[in-house]
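**Q** Pasting coords28.txt here (compact mmCIF, C-alpha atoms and all ligand atoms):
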```txt
# COMPACT_ATOMS: atom_id res chain seq x y z
CA MET A 1 0.00 0.00 0.00
CA THR A 2 1.42 3.41 -0.84
CA ASN A 3 1.84 5.77 2.03
CA THR A 4 -0.60 8.68 2.12
CA ARG A 5 0.73 10.34 5.24
CA LEU A 6 3.69 12.69 5.37
CA TYR A 7 5.67 14.75 7.84
CA ILE A 8 7.28 17.90 6.47
CA VAL A 9 9.96 19.37 8.71
CA MET A 10 11.01 22.93 7.91
CA VAL A 11 14.66 23.87 8.44
CA GLY A 12 16.35 27.26 8.34
CA LEU A 13 17.58 30.29 10.23
CA PRO A 14 14.99 32.83 11.41
CA ALA A 15 13.56 35.18 8.74
CA ARG A 16 14.33 32.86 5.81
CA GLY A 17 10.74 32.46 4.66
CA LYS A 18 9.93 29.12 6.35
CA SER A 19 6.54 30.11 7.73
CA THR A 20 5.51 31.82 4.50
CA ILE A 21 6.32 28.70 2.52
CA ALA A 22 4.69 26.44 5.11
CA SER A 23 1.45 28.39 5.07
CA LYS A 24 1.32 28.69 1.28
CA LEU A 25 2.03 25.00 0.98
CA ARG A 26 -0.71 24.19 3.45
CA GLU A 27 -3.21 26.29 1.52
CA ASN A 28 -2.21 24.62 -1.71
CA LEU A 29 -2.54 21.10 -0.29
CA ILE A 30 -5.88 21.88 1.35
CA ARG A 31 -7.18 23.23 -1.94
CA ASN A 32 -6.36 19.80 -3.31
CA LYS A 33 -8.31 18.15 -0.54
CA ILE A 34 -5.20 16.95 1.30
CA LYS A 35 -5.70 17.44 5.02
CA THR A 36 -2.77 19.50 6.23
CA ARG A 37 -1.88 21.24 9.48
CA ILE A 38 1.04 23.39 10.60
CA PHE A 39 2.64 22.93 14.02
CA ASN A 40 4.60 26.11 14.66
CA ASN A 41 7.06 26.17 17.57
CA GLY A 42 7.28 29.98 17.73
CA ASP A 43 3.51 30.36 18.11
CA LEU A 44 3.44 27.68 20.79
CA ARG A 45 6.35 29.33 22.65
CA ARG A 46 4.54 32.67 22.67
CA LYS A 47 1.35 30.96 23.92
CA LEU A 48 2.84 28.67 26.56
CA SER A 49 5.62 30.66 28.06
CA PRO A 50 4.43 33.11 30.70
CA LYS A 51 7.81 34.85 30.77
CA ASP A 52 9.56 36.92 28.15
CA THR A 53 11.31 34.70 25.60
CA SER A 54 12.10 37.42 23.09
CA TYR A 55 15.50 38.42 24.54
CA PRO A 56 18.43 37.00 22.53
CA GLU A 57 20.14 35.06 25.35
CA PHE A 58 17.08 32.82 25.53
CA TYR A 59 18.39 31.35 22.24
CA ASP A 60 21.97 30.89 23.44
CA PRO A 61 22.76 27.16 23.01
CA ASP A 62 24.50 27.33 26.42
CA ASN A 63 21.43 28.66 28.17
CA ARG A 64 20.05 25.50 29.80
CA ASP A 65 16.63 26.96 30.64
CA GLY A 66 16.15 28.24 27.11
CA VAL A 67 17.26 24.97 25.54
CA GLU A 68 14.98 22.97 27.81
CA LEU A 69 11.94 25.10 27.14
CA ARG A 70 12.47 25.02 23.38
CA GLU A 71 13.04 21.27 23.51
CA LYS A 72 9.80 20.84 25.42
CA ILE A 73 7.90 22.92 22.87
CA ALA A 74 9.38 20.92 20.00
CA LEU A 75 8.33 17.67 21.66
CA ILE A 76 4.78 18.90 22.23
CA ASN A 77 4.45 19.78 18.57
CA ILE A 78 5.98 16.49 17.45
CA GLY A 79 3.45 14.67 19.67
CA ARG A 80 0.61 16.71 18.22
CA ALA A 81 1.77 16.02 14.67
CA ILE A 82 1.89 12.27 15.35
CA THR A 83 -1.63 12.34 16.77
CA TYR A 84 -2.83 14.39 13.81
CA LEU A 85 -1.57 11.81 11.30
CA LYS A 86 -2.95 8.95 13.41
CA ASN A 87 -6.37 10.52 13.03
CA LYS A 88 -7.62 12.20 9.87
CA GLY A 89 -4.59 14.32 8.96
CA GLN A 90 -2.49 13.58 5.88
CA VAL A 91 0.33 16.11 5.99
CA ALA A 92 1.79 17.54 9.21
CA ILE A 93 4.15 20.46 8.76
CA LEU A 94 6.56 21.08 11.64
CA ASP A 95 7.48 24.72 11.33
CA ALA A 96 10.56 25.58 13.37
CA THR A 97 14.23 26.35 12.77
CA ASN A 98 15.40 22.72 13.32
CA VAL A 99 18.93 23.89 12.50
CA SER A 100 20.95 21.46 14.60
CA LEU A 101 21.74 17.90 13.59
CA LYS A 102 20.87 16.77 17.09
CA ARG A 103 17.35 18.18 16.89
CA ARG A 104 16.77 16.71 13.43
CA LYS A 105 18.07 13.29 14.49
CA LYS A 106 15.73 13.24 17.44
CA THR A 107 12.81 14.40 15.29
CA THR A 108 13.47 11.61 12.77
CA GLU A 109 13.64 9.02 15.55
CA LEU A 110 10.28 10.11 16.90
CA LEU A 111 8.54 10.39 13.53
CA LYS A 112 8.91 6.74 12.61
CA ASP A 113 5.45 5.88 11.37
CA HIS A 114 5.51 7.86 8.09
CA PRO A 115 8.12 9.35 5.77
CA VAL A 116 9.74 12.65 6.71
CA LEU A 117 10.61 15.31 4.15
CA PHE A 118 12.92 18.13 5.27
CA ILE A 119 12.51 21.45 3.48
CA GLU A 120 15.40 23.79 4.15
CA CYS A 121 14.92 27.49 3.33
CA ILE A 122 17.96 29.54 2.46
CA ASN A 123 18.16 33.21 1.58
CA GLU A 124 21.51 34.86 1.11
CA ASP A 125 20.30 38.28 0.00
CA GLU A 126 21.31 40.71 2.75
CA GLU A 127 18.86 43.43 1.65
CA ILE A 128 15.93 41.02 1.76
CA LEU A 129 17.04 39.73 5.13
CA ARG A 130 17.13 43.29 6.45
CA ALA A 131 13.64 43.95 5.10
CA SER A 132 12.28 40.70 6.59
CA ILE A 133 13.82 41.50 9.97
CA ASP A 134 12.18 44.94 9.80
CA ARG A 135 8.85 43.20 9.40
CA LYS A 136 9.59 40.60 12.13
CA VAL A 137 10.27 43.25 14.74
CA THR A 138 6.73 44.54 14.38
CA LEU A 139 5.60 41.36 16.25
CA PRO A 140 4.08 42.10 19.68
CA GLU A 141 6.99 40.34 21.42
CA PHE A 142 9.22 43.30 20.43
CA ASN A 143 6.77 45.98 21.54
CA HIS A 144 8.86 46.90 24.57
CA LEU A 145 11.93 47.75 22.43
CA ARG A 146 12.72 50.64 20.13
CA LYS A 147 13.11 49.59 16.50
CA GLU A 148 16.94 49.61 16.37
CA ALA A 149 17.16 47.67 19.63
CA ALA A 150 14.60 45.15 18.39
CA VAL A 151 16.54 44.65 15.14
CA GLU A 152 19.76 44.19 17.10
CA SER A 153 18.08 41.69 19.42
CA PHE A 154 16.71 39.70 16.47
CA ARG A 155 20.15 39.70 14.78
CA GLN A 156 21.70 38.31 17.94
CA ARG A 157 19.06 35.62 18.05
CA ILE A 158 20.01 34.68 14.47
CA ASN A 159 23.69 34.54 15.48
CA TYR A 160 22.92 32.00 18.19
CA TYR A 161 21.08 29.83 15.70
CA GLU A 162 23.91 30.21 13.21
CA SER A 163 26.37 28.89 15.78
CA ILE A 164 24.63 25.47 15.79
CA TYR A 165 23.43 25.43 12.18
CA ALA A 166 24.21 22.30 10.17
CA PRO A 167 22.78 22.44 6.63
CA VAL A 168 20.63 19.46 5.59
CA ARG A 169 22.82 16.92 3.78
CA LYS A 170 22.64 13.62 5.63
CA GLU A 171 18.84 13.39 5.77
CA LYS A 172 17.21 10.66 3.68
CA ASN A 173 14.69 13.00 2.10
CA PHE A 174 15.33 16.68 1.74
CA ILE A 175 14.92 19.68 -0.50
CA SER A 176 17.23 22.62 0.04
CA LEU A 177 15.46 25.63 -1.39
CA ASP A 178 16.56 29.14 -2.26
CA SER A 179 13.41 30.65 -0.81
CA LEU A 180 13.86 34.01 -2.52
CA TYR A 181 14.31 32.66 -6.03
CA ASN A 182 12.16 29.49 -5.66
CA ARG A 183 15.14 27.51 -6.84
CA ILE A 184 16.02 24.04 -5.64
CA ARG A 185 19.67 24.06 -4.64
CA LYS A 186 19.96 20.40 -3.75
CA GLU A 187 17.59 17.51 -3.21
CA GLU A 188 17.75 13.92 -2.12
CA ILE A 189 14.75 11.63 -2.08
CA SER A 190 15.19 8.03 -0.93
CA ASP A 191 11.69 7.08 0.25
CA ASP A 192 8.36 7.05 -1.47
CA ILE A 193 7.14 10.55 -0.56
CA PRO A 194 3.41 11.07 -0.98
CA PHE A 195 2.31 14.19 -2.93
CA TYR A 196 5.96 14.77 -3.88
CA ASP A 197 5.38 16.04 -7.44
CA ARG A 198 2.77 18.50 -6.22
CA ILE A 199 4.99 19.76 -3.39
CA ARG A 200 8.14 20.08 -5.48
CA ASP A 201 6.34 21.81 -8.33
CA PHE A 202 4.68 24.15 -5.86
CA LEU A 203 8.02 25.13 -4.31
CA VAL A 204 9.39 26.29 -7.67
CA THR A 205 6.26 28.16 -8.77
CA ASP A 206 5.80 31.89 -8.24
CA THR A 207 2.43 32.12 -6.58
CA VAL A 208 0.38 35.29 -6.59
CA LYS A 209 -3.22 35.27 -5.46
CA ASN A 210 -4.18 38.70 -6.68
CA LEU A 211 -1.53 40.95 -8.06
CA PHE A 212 -2.82 44.37 -9.03
CA LEU A 213 -0.37 45.89 -11.44
CA ILE A 214 -0.87 49.60 -11.88
CA ARG A 215 0.93 52.20 -13.91
CA HIS A 216 1.43 55.57 -12.22
CA GLY A 217 -1.00 58.37 -13.07
CA GLU A 218 -0.37 61.04 -15.68
CA THR A 219 2.76 63.18 -15.13
CA TYR A 220 3.95 66.52 -16.54
CA PHE A 221 6.53 64.59 -18.57
CA ASN A 222 3.78 62.38 -20.05
CA LEU A 223 2.05 65.52 -21.33
CA GLN A 224 5.21 66.47 -23.23
CA ASN A 225 5.97 62.89 -24.29
CA ARG A 226 9.23 63.07 -22.33
CA ILE A 227 10.85 59.92 -21.03
CA GLY A 228 12.46 59.03 -17.70
CA GLY A 229 13.15 61.80 -15.19
CA ASN A 230 11.37 62.21 -11.89
CA SER A 231 8.40 64.35 -12.69
CA GLY A 232 5.31 64.55 -10.44
CA LEU A 233 1.64 63.86 -11.16
CA THR A 234 -0.55 66.38 -12.98
CA GLU A 235 -4.00 67.25 -11.66
CA LYS A 236 -5.40 64.49 -13.90
CA GLY A 237 -2.77 62.08 -12.50
CA ARG A 238 -3.84 62.95 -8.95
CA GLN A 239 -7.47 62.37 -9.90
CA GLN A 240 -6.51 58.97 -11.32
CA ALA A 241 -4.80 58.10 -8.03
CA GLU A 242 -7.91 59.16 -6.07
CA SER A 243 -10.14 57.00 -8.32
CA LEU A 244 -7.83 54.05 -7.76
CA ALA A 245 -8.02 54.67 -4.02
CA ARG A 246 -11.84 54.64 -4.14
CA PHE A 247 -11.84 51.52 -6.28
CA PHE A 248 -9.56 49.57 -3.92
CA LYS A 249 -11.09 50.91 -0.71
CA LYS A 250 -13.08 47.75 -0.05
CA LYS A 251 -10.24 45.37 -0.92
CA ARG A 252 -7.62 44.83 1.72
CA ILE A 253 -4.24 45.90 0.36
CA PRO A 254 -1.60 45.34 3.06
CA VAL A 255 1.44 46.23 0.92
CA ILE A 256 1.98 48.48 -2.08
CA PHE A 257 5.31 48.16 -3.86
CA THR A 258 6.40 51.16 -5.89
CA SER A 259 9.56 52.33 -7.59
CA LYS A 260 11.72 55.00 -5.96
CA LYS A 261 10.30 57.61 -8.33
CA LYS A 262 7.95 60.37 -7.21
CA ARG A 263 5.20 59.50 -9.68
CA THR A 264 4.65 55.95 -8.41
CA VAL A 265 4.76 56.91 -4.73
CA GLN A 266 2.34 59.81 -5.39
CA THR A 267 -0.03 57.35 -7.09
CA ALA A 268 0.22 54.86 -4.21
CA PHE A 269 -0.28 57.39 -1.46
CA PRO A 270 -4.06 58.01 -1.75
CA ILE A 271 -4.57 54.22 -2.01
CA LYS A 272 -2.67 53.71 1.25
CA ARG A 273 -4.67 56.49 2.90
CA GLN A 274 -7.93 54.65 2.19
CA GLN A 275 -6.69 51.43 3.80
CA ASP A 276 -6.70 50.54 7.49
CA GLU A 277 -3.27 49.03 7.52
CA CYS A 278 -1.07 49.39 4.52
CA VAL A 279 2.62 50.03 3.94
CA ILE A 280 4.32 51.42 0.85
CA ILE A 281 7.61 49.70 0.04
CA PRO A 282 9.60 51.52 -2.67
CA LEU A 283 12.00 49.19 -4.52
CA GLU A 284 14.59 50.52 -6.93
CA GLU A 285 14.20 47.32 -8.96
CA PHE A 286 10.88 48.79 -10.12
CA ASN A 287 12.40 52.07 -11.35
CA GLU A 288 11.61 52.88 -14.97
CA ILE A 289 14.03 51.91 -17.74
CA ASP A 290 17.09 54.15 -17.55
CA SER A 291 17.27 55.83 -20.93
CA GLY A 292 20.86 57.06 -20.37
CA ILE A 293 21.80 59.97 -22.63
CA CYS A 294 18.14 60.26 -23.68
CA GLU A 295 16.74 60.82 -20.16
CA CYS A 296 14.20 63.66 -20.04
CA MET A 297 14.07 64.05 -23.83
CA SER A 298 10.89 63.68 -25.88
CA TYR A 299 10.69 60.95 -28.53
CA GLY A 300 10.60 63.76 -31.15
CA GLU A 301 13.82 65.29 -29.81
CA ILE A 302 15.55 61.94 -29.86
CA ARG A 303 14.47 61.35 -33.47
CA ASN A 304 15.72 64.79 -34.54
CA THR A 305 18.94 65.04 -32.57
CA MET A 306 20.00 61.38 -32.38
CA PRO A 307 18.52 59.70 -35.45
CA GLY A 308 20.94 56.76 -35.06
CA VAL A 309 19.70 56.02 -31.55
CA TYR A 310 16.09 56.37 -32.63
CA ALA A 311 16.49 54.07 -35.64
CA ALA A 312 18.50 51.42 -33.81
CA ARG A 313 15.92 51.22 -31.02
CA LYS A 314 13.10 51.00 -33.53
CA GLU A 315 14.89 48.20 -35.33
CA ASP A 316 15.26 45.96 -32.26
CA LYS A 317 13.55 47.51 -29.25
CA TYR A 318 14.02 44.55 -26.90
CA ASN A 319 17.77 44.21 -27.35
CA TYR A 320 18.61 47.89 -27.79
CA ILE A 321 20.49 49.41 -24.86
CA TYR A 322 20.40 53.22 -24.48
CA PRO A 323 23.98 54.60 -24.38
CA GLU A 324 24.86 54.96 -20.67
CA GLY A 325 21.49 53.47 -19.83
CA GLU A 326 19.47 50.27 -20.03
CA GLY A 327 17.46 48.23 -22.51
CA TYR A 328 14.59 45.82 -21.96
CA ILE A 329 17.11 43.02 -22.19
CA THR A 330 19.25 44.37 -19.35
CA MET A 331 16.26 45.35 -17.19
CA LYS A 332 14.94 41.82 -17.04
CA GLU A 333 17.28 40.62 -14.33
CA ARG A 334 16.54 43.49 -11.92
CA VAL A 335 12.79 43.48 -12.53
CA ASP A 336 12.70 39.70 -11.89
CA ARG A 337 14.62 40.36 -8.67
CA GLY A 338 12.05 43.02 -7.74
CA ILE A 339 9.20 40.55 -8.28
CA LYS A 340 10.94 37.96 -6.10
CA LYS A 341 11.51 40.56 -3.40
CA ALA A 342 7.91 41.72 -3.54
CA LEU A 343 6.57 38.16 -3.27
CA TYR A 344 8.96 37.34 -0.42
CA LEU A 345 8.30 40.52 1.54
CA SER A 346 4.54 40.37 1.20
CA SER A 347 4.54 37.01 3.06
CA ASN A 348 1.32 35.61 1.78
CA PRO A 349 -1.34 38.30 1.71
CA ARG A 350 -4.25 37.78 -0.67
CA ASN A 351 -3.69 41.07 -2.45
CA ILE A 352 -0.40 42.54 -3.58
CA MET A 353 -0.16 45.79 -5.47
CA ILE A 354 2.68 47.11 -7.58
CA VAL A 355 2.64 50.67 -8.89
CA GLY A 356 5.23 50.81 -11.64
CA HIS A 357 6.01 52.35 -14.98
CA ARG A 358 5.33 51.51 -18.60
CA ALA A 359 8.48 49.52 -19.44
CA VAL A 360 8.77 47.98 -15.95
CA ASN A 361 5.16 46.86 -16.00
CA ARG A 362 5.72 45.25 -19.38
CA MET A 363 8.58 43.24 -17.89
CA ILE A 364 6.46 42.28 -14.88
CA LEU A 365 3.61 41.21 -17.14
CA SER A 366 5.95 39.12 -19.26
CA HIS A 367 7.19 37.37 -16.11
CA PHE A 368 3.73 35.92 -15.53
CA LEU A 369 2.41 35.82 -19.07
CA TYR A 370 4.47 34.41 -21.86
CA ARG A 371 5.29 36.84 -24.65
CA ARG A 372 7.91 36.56 -27.36
CA LYS A 373 10.83 38.81 -26.43
CA GLU A 374 10.33 41.05 -29.45
CA ASP A 375 6.72 41.70 -28.39
CA VAL A 376 7.43 42.60 -24.76
CA PRO A 377 8.32 46.29 -25.45
CA TYR A 378 4.91 46.78 -27.05
CA ILE A 379 2.63 45.30 -24.38
CA TYR A 380 -0.31 47.62 -23.82
CA VAL A 381 0.09 49.42 -20.46
CA PRO A 382 -2.49 52.21 -20.20
CA GLN A 383 -2.74 54.71 -17.34
CA ASP A 384 -6.50 54.47 -16.83
CA LYS A 385 -6.67 50.69 -16.35
CA PHE A 386 -4.78 48.12 -14.34
CA TYR A 387 -3.88 44.47 -14.74
CA HIS A 388 -5.22 41.89 -12.35
CA ILE A 389 -3.02 38.79 -12.30
CA VAL A 390 -3.59 35.47 -10.58
CA ALA A 391 -0.81 32.93 -10.97
CA THR A 392 -0.94 29.81 -8.83
CA GLN A 393 -0.01 26.22 -9.47
CA ASP A 394 -3.57 25.50 -10.65
CA LYS A 395 -4.83 28.76 -12.06
CA LYS A 396 -3.72 31.60 -14.31
CA LEU A 397 -5.81 34.70 -14.76
CA PHE A 398 -4.89 37.82 -16.57
CA GLN A 399 -7.31 40.66 -16.85
CA LEU A 400 -7.12 44.31 -17.90
CA ARG A 401 -9.64 46.15 -15.75
CA SER A 402 -11.02 49.66 -15.54
CA TYR A 403 -11.33 51.46 -12.24
O1 LIG A 501 6.87 57.73 -21.35
C1 LIG A 501 6.84 57.06 -20.17
C2 LIG A 501 7.89 55.98 -20.05
O2 LIG A 501 7.64 55.32 -18.85
C3 LIG A 501 9.35 56.48 -20.12
O3 LIG A 501 9.86 56.96 -18.91
C4 LIG A 501 10.09 55.26 -20.63
O4 LIG A 501 11.36 55.53 -21.15
C5 LIG A 501 9.10 54.74 -21.64
O5 LIG A 501 7.81 55.03 -21.14
C6 LIG A 501 9.23 53.27 -21.91
O6 LIG A 501 8.43 52.92 -23.01
P1 LIG A 501 9.11 52.58 -24.41
O7 LIG A 501 10.05 51.45 -24.16
O8 LIG A 501 7.95 52.20 -25.29
O9 LIG A 501 9.86 53.78 -24.92
```
Output the file's structure as structure tokens, nothing else.

**A**
Amino acid sequence: MTNTRLYIVMVGLPARGKSTIASKLRENLIRNKIKTRIFNNGDLRRKLSPKDTSYPEFYDPDNRDGVELREKIALINIGRAITYLKNKGQVAILDATNVSLKRRKKTTELLKDHPVLFIECINEDEEILRASIDRKVTLPEFNHLRKEAAVESFRQRINYYESIYAPVRKEKNFISLDSLYNRIRKEEISDDIPFYDRIRDFLVTDTVKNLFLIRHGETYFNLQNRIGGNSGLTEKGRQQAESLARFFKKKRIPVIFTSKKKRTVQTAFPIKRQQDECVIIPLEEFNEIDSGICECMSYGEIRNTMPGVYAARKEDKYNYIYPEGEGYITMKERVDRGIKKALYLSSNPRNIMIVGHRAVNRMILSHFLYRRKEDVPYIYVPQDKFYHIVATQDKKLFQLRSY
């Protein structure tokens, strides 16, 4: 009989995306009628421990009390996971750091009745780590500290975990995942792992529930057909932003990603104001194409003063690189990085919004919707409509909507 029960044990340092992946995976499995539950050690610690466990020394491997309490919590969750699979449950996800070999050995010994799959989450991007820590320290357990002190405390906690971290390598079944780029770095599967294809395929898929992709409102430069620069919104552009804000008022938008340019932040601002809790995160990866020596010129001026540039771009718009600037071809890498960052930092909300620019939005669209390279620089990106994108393992939706 093939096994239809599975333990998934998450592995990784704090703030490496374990819980985000665990909860997305759970949702995905449940949608496929596979009974799944997460057993999270951090949540249990916060619930069970009457005293403060947020201070870094609690995580010192030489702190006996801390080690004992964390061990106890791990055992409770292991016990609960076993009971869950003995009853109706099919997949039990143990969400904790599990960074030491000792802990993983013990876990494997206790979880004997069904196969165990370790999923290790790794993220080596320092900027992303900083941004995730910034979000972590908004947890109530850091309320008593000022932001810098909370960040410092969380960093120290990570250092303690790092001191006992042994990457997964000896386990019978494991996937080591780059959790920012959804890339499998290494895998080893020796047992018959139920739902394996679904799980593996899920881990490498970019999942967005509802991505609202908006182009900034009209700017003074748009009126003159000028490219690049950092111009602000016109009165019409401000009106467009207000209409967007009214349109999205009833949807919950927890995060809006913008570029670092004035026009996208000005468009996002009224939307944020209409929301209860919403943050704007400007990412330079979403800045508009850098048109180098042509920045701030109109298309007419480029044609008249630099006919060679104009003709060469017209000839092969995707591959053309503006002198001292970028081309679609060279923007791809940074825009893809921006998308990964946005998905990582939004840690699983239903609705994500990006307010970008014409060329950037074309690249974002082409990330989710296949287009031949030569057609990407011509994708329709109007200012009075937005794209609604759903991209999950089971569903793709792509809709241009009015607001
Ligand atoms: O005109 C607005 C704009 O966003 C410019 O800043 C940018 O250079 C241009 O559109 C990109 O569009 P295209 O690649 O079609 O020139």

**Q** Grab me every residue within 7 Å of ligand LIG 501 (chain A), counting all atoms listed in the file, and send it over as a PyMOL selection string.

**A** chain A and resi 222+225-229+288-291+357-359+377-378

**Q** Hey, which of A:Asn32, A:Asn63, A:Gln240, A:Gln266 ends up closest to Pro382 of chain A? Count only C-alpha atoms.

**A**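 Residue with the minimum atom-to-atom distance to Pro382 of chain A: A:Gln240.
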
**Q** Can you pull out every residue within 9 Å of Arg215 of chain A, counting only C-alpha atoms, but drop anything in the same chain fewer than 4 positions away, and send it as a list in words?

**A**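 My list of contacting residues is Thr264, Thr267, Ile354, Val355, Gly356, His357, Arg358, Asn361, Val381, Pro382, Gln383, Asp384, Lys385 and Phe386 of chain A.
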
**Q** Got a sec: who's within 6 Å of Asn319 of chain A, counting all atoms listed in the file, leaving out chain neighbours fewer than 2 positions off, as a list in words?

**A**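 The contact residues come out as Asp316, Lys317 and Ile329 of chain A.
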
**Q** State, in Å with one decimal place, the distance from atom CA of Ser153 of chain A to atom CA of Leu101 of chain A.

**A**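 Pair atom CA of Ser153 of chain A / atom CA of Leu101 of chain A returns 24.8 Å.
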
**Q** Using all atoms listed in the file, which residue out of A:Leu145, A:Ala22, A:Leu85, A:Ile133 lies closest to Ser54 of chain A?

**A** A:Leu145

**Q** Just checking: using all atoms listed in the file, which residue out of A:Glu187, A:Lys88, A:Tyr7, A:Asp276 ends up closest to Leu110 of chain A?

**A** A:Tyr7

**Q** Find the residue from A:Ala166, A:Leu283, A:Ala81, A:Ile293 that sits nearest to Arg337 of chain A; use all atoms listed in the file when measuring.

**A**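 Nearest to Arg337 of chain A: A:Leu283.
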
**Q** Residues near Arg5 of chain A, anyone? I mean within 9 Å using only C-alpha atoms, not counting same-chain ones fewer than 3 positions away, as an MDAnalysis selection string.

**A** chainID A and resid 85 89:92 113:115 193:194

**Q** For a test of reading the model, state the distance in Å between atom CA of Ser259 of chain A and atom CA of Tyr328 of chain A, rounded to one decimal.

**A**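 Result for atom CA of Ser259 of chain A versus atom CA of Tyr328 of chain A: 16.6 Å, one decimal.
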
**Q** Just to confirm, what's the straight-line distance from atom CA of Phe257 of chain A to atom CA of Ala342 of chain A in Å (one decimal)?

**A**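 If I compute the distance from atom CA of Phe257 of chain A to atom CA of Ala342 of chain A, I get 7.0 Å.
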
**Q** List the spatial neighbours of Lys272 of chain A as a list of chain:residue names - criterion: any atom at most 10 Å away, only C-alpha atoms, same-chain residues fewer than 2 positions off excluded.

**A**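 With the cut-off at 10 Å, the set is A:Ala245, A:Phe248, A:Lys249, A:Ile253, A:Pro254, A:Val255, A:Ile256, A:Thr267, A:Ala268, A:Phe269, A:Pro270, A:Gln274, A:Gln275, A:Asp276, A:Glu277, A:Cys278, A:Val279, A:Ile280.
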